[in-house]
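Asker: Can you read through this structure? Questions will come right after.
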Amino acid sequence: MRAAIETRGLVKRYGRVTALKGIDLVVEEGAVFGFVGPNGAGKTTTMRILATLLRPTAGAAYVMGYSVARNQRQVRRAIGYMPDFFGVYGDMRVGEYLDFFSACYEIPLSTRRRLVNDLLELVDLAHRRDDYVDGLSRGMKQRLCLARALAHDPQVLILDEPASGLDPRARVEIRALLRELHAMGKTILISSHILSEIEEVCTHIGIIEAGRLVATGTLGEIRERLHTHRLVRLGLLGRIQEAEKWLANWPGVLDVTPLTENGDDHLEVSFSGDDEALAGLLAGLVGNGFGVTRFHEESGDLEDVFMRLTRGVVS
């Protein structure tokens with residue numbers, strides 16, 4: 001599968017500050033790629049370069065094979081860009097707003113009305129077609145701006161914090177819309193600080209810190225890179241303190257922490273072994289007469305992975 005987005009050694013400097021320090025990024029066609037990083041990491045700078053709004057200091061970037069430096073018109077045709085802060089014309093009606101931007105993309109008048117209807121249906125705003133934009137809620141404005149980004153049927157969507165500032169219901173609606181766009185075959189690059197939502201909708205993620213890409217891949221692949229440190233939850237039929245001492249002497253056990261949740265005593269074991277060693281640990285517990293009622297590994301969500309990577313666990 002070919003790359004929809006590719007950057008090679010991408011560098012961006014603002015005076016003495018280097019915002020991007022040689023970013024090599026590949027987003028395959030049809031992927032939903034989550035771009036994760038703390039404030040100031042370089043997410044928005046990267047997206048603005050891909051949207052042809054900034055010129056890189058060094059390196060190259062391509063969208064659908066077009067250079068963002070040499071083929072700006074083609075890149076703009078290929079992308080739908082939704083910035084983190086967007087402008088809406090509050091004194092226009094919702095339908096007029098989309099018709100205006102459709103005209104900007106030179107879409108013929110004969111097809112614009114149908115297009116606007118389809119876009120409003122897609123983002124569930126058909127019932128607000130004749131309302132003024134200024135009267136919409138923030139969540140509705142976000143969906144309207146996403147519809148605006150889709151007006152010319154782009155192959156690639158670049159969405160910078162699309163769920164920022166939304167209430168829980170609006171975030172659910174945006175998430176459902178992203179799934180629908182993915183099903184339509186769109187390639188989506190999305191940045192967010194809402195890590196659990198990135199995890200739910202994305203096929204791949206990239207973690208960026210201080211202008212460097214520290215990890216890319218599926219969430220499973222990135223977790224695998226961190227599997228030198230595993231957390232195992234262990235439930236027992238009594239003998240908690242005895243098991244704690246026994247585990248402390250088992251090869252590969254780094255730490256044992258007693259926990260109580262809802263009146264249930266159990267142990268959290270930090271373990272450095274592979275799957276075979278983990279199976280051996282369970283066999284050892286049973287073989288020594290401990291009544292094991294629960295034994296499972298905490299996979300760690302995206303937030304856990306993010307925190308560990310941005311602390312420099314992976315260079």
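Chain labels follow the order of the structure tokens: the first chain is A, the next B, and so on; residue numbering restarts at 1 in every chain, and ligands are counted from 1 in their shown order.
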Quick one: residues within 9 Å of stretch 91-105 of chain A, only C-alpha atoms, excluding same-chain residues fewer than 6 positions away - as a ChimeraX atom specification?
Answerer: /A:77,112-113,115-117,119-120,125-126,128-134,144-145,147-149,151-152
Asker: Next, the residues of the selection above should be written as a PDB file, in the first residue's frame with C-alpha atoms.
Answerer:
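As a result, again20.pdb now contains:
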ATOM      1  CA  ARG A  77      -6.853  19.627  -3.805  1.00  0.00           C
ATOM      2  CA  ARG A 112     -23.472  22.377  -5.211  1.00  0.00           C
ATOM      3  CA  ARG A 113     -26.996  22.154  -3.795  1.00  0.00           C
ATOM      4  CA  LEU A 115     -23.403  18.383  -2.412  1.00  0.00           C
ATOM      5  CA  VAL A 116     -24.391  20.670   0.448  1.00  0.00           C
ATOM      6  CA  ASN A 117     -27.368  18.441   1.260  1.00  0.00           C
ATOM      7  CA  LEU A 119     -22.551  17.034   3.553  1.00  0.00           C
ATOM      8  CA  LEU A 120     -25.198  18.206   6.002  1.00  0.00           C
ATOM      9  CA  LEU A 125     -26.836  19.090  10.473  1.00  0.00           C
ATOM     10  CA  ALA A 126     -29.512  18.865   7.803  1.00  0.00           C
ATOM     11  CA  ARG A 128     -30.041  23.237  10.915  1.00  0.00           C
ATOM     12  CA  ARG A 129     -29.538  24.145   7.249  1.00  0.00           C
ATOM     13  CA  ASP A 130     -31.364  27.477   7.490  1.00  0.00           C
ATOM     14  CA  ASP A 131     -30.034  28.453  10.925  1.00  0.00           C
ATOM     15  CA  TYR A 132     -27.317  31.059  11.342  1.00  0.00           C
ATOM     16  CA  VAL A 133     -23.870  29.636  12.033  1.00  0.00           C
ATOM     17  CA  ASP A 134     -23.532  31.878  15.081  1.00  0.00           C
ATOM     18  CA  LEU A 144     -19.778  22.092  10.195  1.00  0.00           C
ATOM     19  CA  CYS A 145     -16.076  22.852   9.788  1.00  0.00           C
ATOM     20  CA  ALA A 147     -18.096  19.279   6.459  1.00  0.00           C
ATOM     21  CA  ARG A 148     -16.336  22.337   4.997  1.00  0.00           C
ATOM     22  CA  ALA A 149     -13.074  20.345   4.857  1.00  0.00           C
ATOM     23  CA  ALA A 151     -16.544  19.895   0.363  1.00  0.00           C
ATOM     24  CA  HIS A 152     -14.126  19.004  -2.452  1.00  0.00           C
TER      25      HIS A 152
END
Asker: So that I can check the surroundings of stretch 184-191 of chain A, please list as a list in words every protein, DNA and RNA residue that reaches within 6 Å of it, counting only C-alpha atoms and ignoring chain neighbours fewer than 4 positions away.
Answerer: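 Here the answer would be Glu29, Gly30, Ala31, Val32, Phe33, Gly34, Phe35, Val36, Gln155, Val156, Leu157, Ile158, Leu159, Asp160 and Glu161 of chain A.
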Asker: Find the residues around A:Phe295 up to 10 Å (only C-alpha atoms counted), leave out those fewer than 5 positions away in its own chain, and share them as a list in words.
Answerer: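 Using only C-alpha atoms, the neighbours found are Val232, Arg233, Leu234, Gly235, Leu236, Leu267, Glu268 and Leu282 of chain A.
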Asker: What is the distance between atom CA of A:Glu261 and atom CA of A:Phe290, in Å to one decimal?
Answerer: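 Computed distance, atom CA of A:Glu261 to atom CA of A:Phe290, equals 20.3 Å.
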Asker: Enumerate the residues of stretch 60-210 of chain A with a DSSP assignment of alpha helix (DSSP H), computed from the backbone, and present them as a PyMOL selection string.
Answerer: chain A and resi 72-78+94-104+109-122+138-149+168-183+195-201
Asker: Identify which of the residues A:Thr44, A:Arg55, A:Thr203, A:Leu231 lies closest to A:Lys12, counting only C-alpha atoms when measuring atom-to-atom distances.
Answerer: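 Among A:Thr44, A:Arg55, A:Thr203, A:Leu231, it is A:Arg55 that comes nearest to A:Lys12.
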Asker: Report, in Å to a single decimal, how far apart atom CA of A:Glu244 and atom CA of A:Glu298 are.
Answerer: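 Value for the atom CA of A:Glu298-atom CA of A:Glu244 distance: 18.5 Å.
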Asker: Once DSSP has gone over the backbone, tell me which residues of stretch 92-303 of chain A are in strand (DSSP E), as a PyMOL selection string.
Answerer: chain A and resi 156-160+187-191+204-209+212-217+230-236+253-261+264-271+292-298
Asker: Do a neighbour search on A:Gln142 at 12 Å with only C-alpha atoms, toss out local chain neighbours closer than 2 positions, and write the hits as a VMD selection string.
Answerer: chain A and resid 82 to 88 123 to 125 133 136 to 140 144 to 149 159 to 167 170 to 171 173 to 175 177
Asker: What does the distance from atom CA of A:Glu200 to atom CA of A:Ala61 come to in Å, to one decimal?
Answerer: 27.5 Å
Asker: Could you give me, as a short mmCIF file (atom, residue, chain, number, x, y, z; two decimals) with N, CA and C atoms, in the first residue's frame, the residues within 12 Å of A:Gly289, counting only C-alpha atoms and dropping anything in the same chain fewer than 4 positions from it?
Answerer:
data_model
loop_
_atom_site.label_atom_id
_atom_site.label_comp_id
_atom_site.auth_asym_id
_atom_site.auth_seq_id
_atom_site.Cartn_x
_atom_site.Cartn_y
_atom_site.Cartn_z
N LEU A 236 -5.64 -14.00 44.90
CA LEU A 236 -5.34 -15.23 45.62
C LEU A 236 -6.41 -15.53 46.66
N LEU A 237 -6.52 -16.82 47.00
CA LEU A 237 -7.38 -17.24 48.11
C LEU A 237 -6.55 -17.17 49.39
N GLY A 238 -6.42 -15.97 49.94
CA GLY A 238 -5.64 -15.80 51.15
C GLY A 238 -4.14 -15.88 50.90
N ARG A 239 -3.36 -15.94 52.00
CA ARG A 239 -1.89 -16.06 51.97
C ARG A 239 -1.25 -14.93 51.16
N GLU A 242 2.33 -14.02 52.40
CA GLU A 242 3.25 -15.11 52.09
C GLU A 242 3.59 -15.12 50.60
N ALA A 243 2.57 -14.88 49.78
CA ALA A 243 2.80 -14.85 48.33
C ALA A 243 3.69 -13.66 47.95
N TRP A 246 7.19 -14.66 48.64
CA TRP A 246 7.62 -15.70 47.68
C TRP A 246 7.91 -15.08 46.31
N LEU A 282 3.27 -18.42 36.77
CA LEU A 282 1.96 -18.93 37.16
C LEU A 282 2.05 -20.38 37.63
N ALA A 283 2.82 -21.20 36.90
CA ALA A 283 2.98 -22.60 37.28
C ALA A 283 3.65 -22.72 38.65
N GLY A 284 4.62 -21.83 38.92
CA GLY A 284 5.30 -21.85 40.21
C GLY A 284 4.36 -21.51 41.35
N LEU A 285 3.49 -20.54 41.14
CA LEU A 285 2.51 -20.18 42.16
C LEU A 285 1.59 -21.35 42.48
#
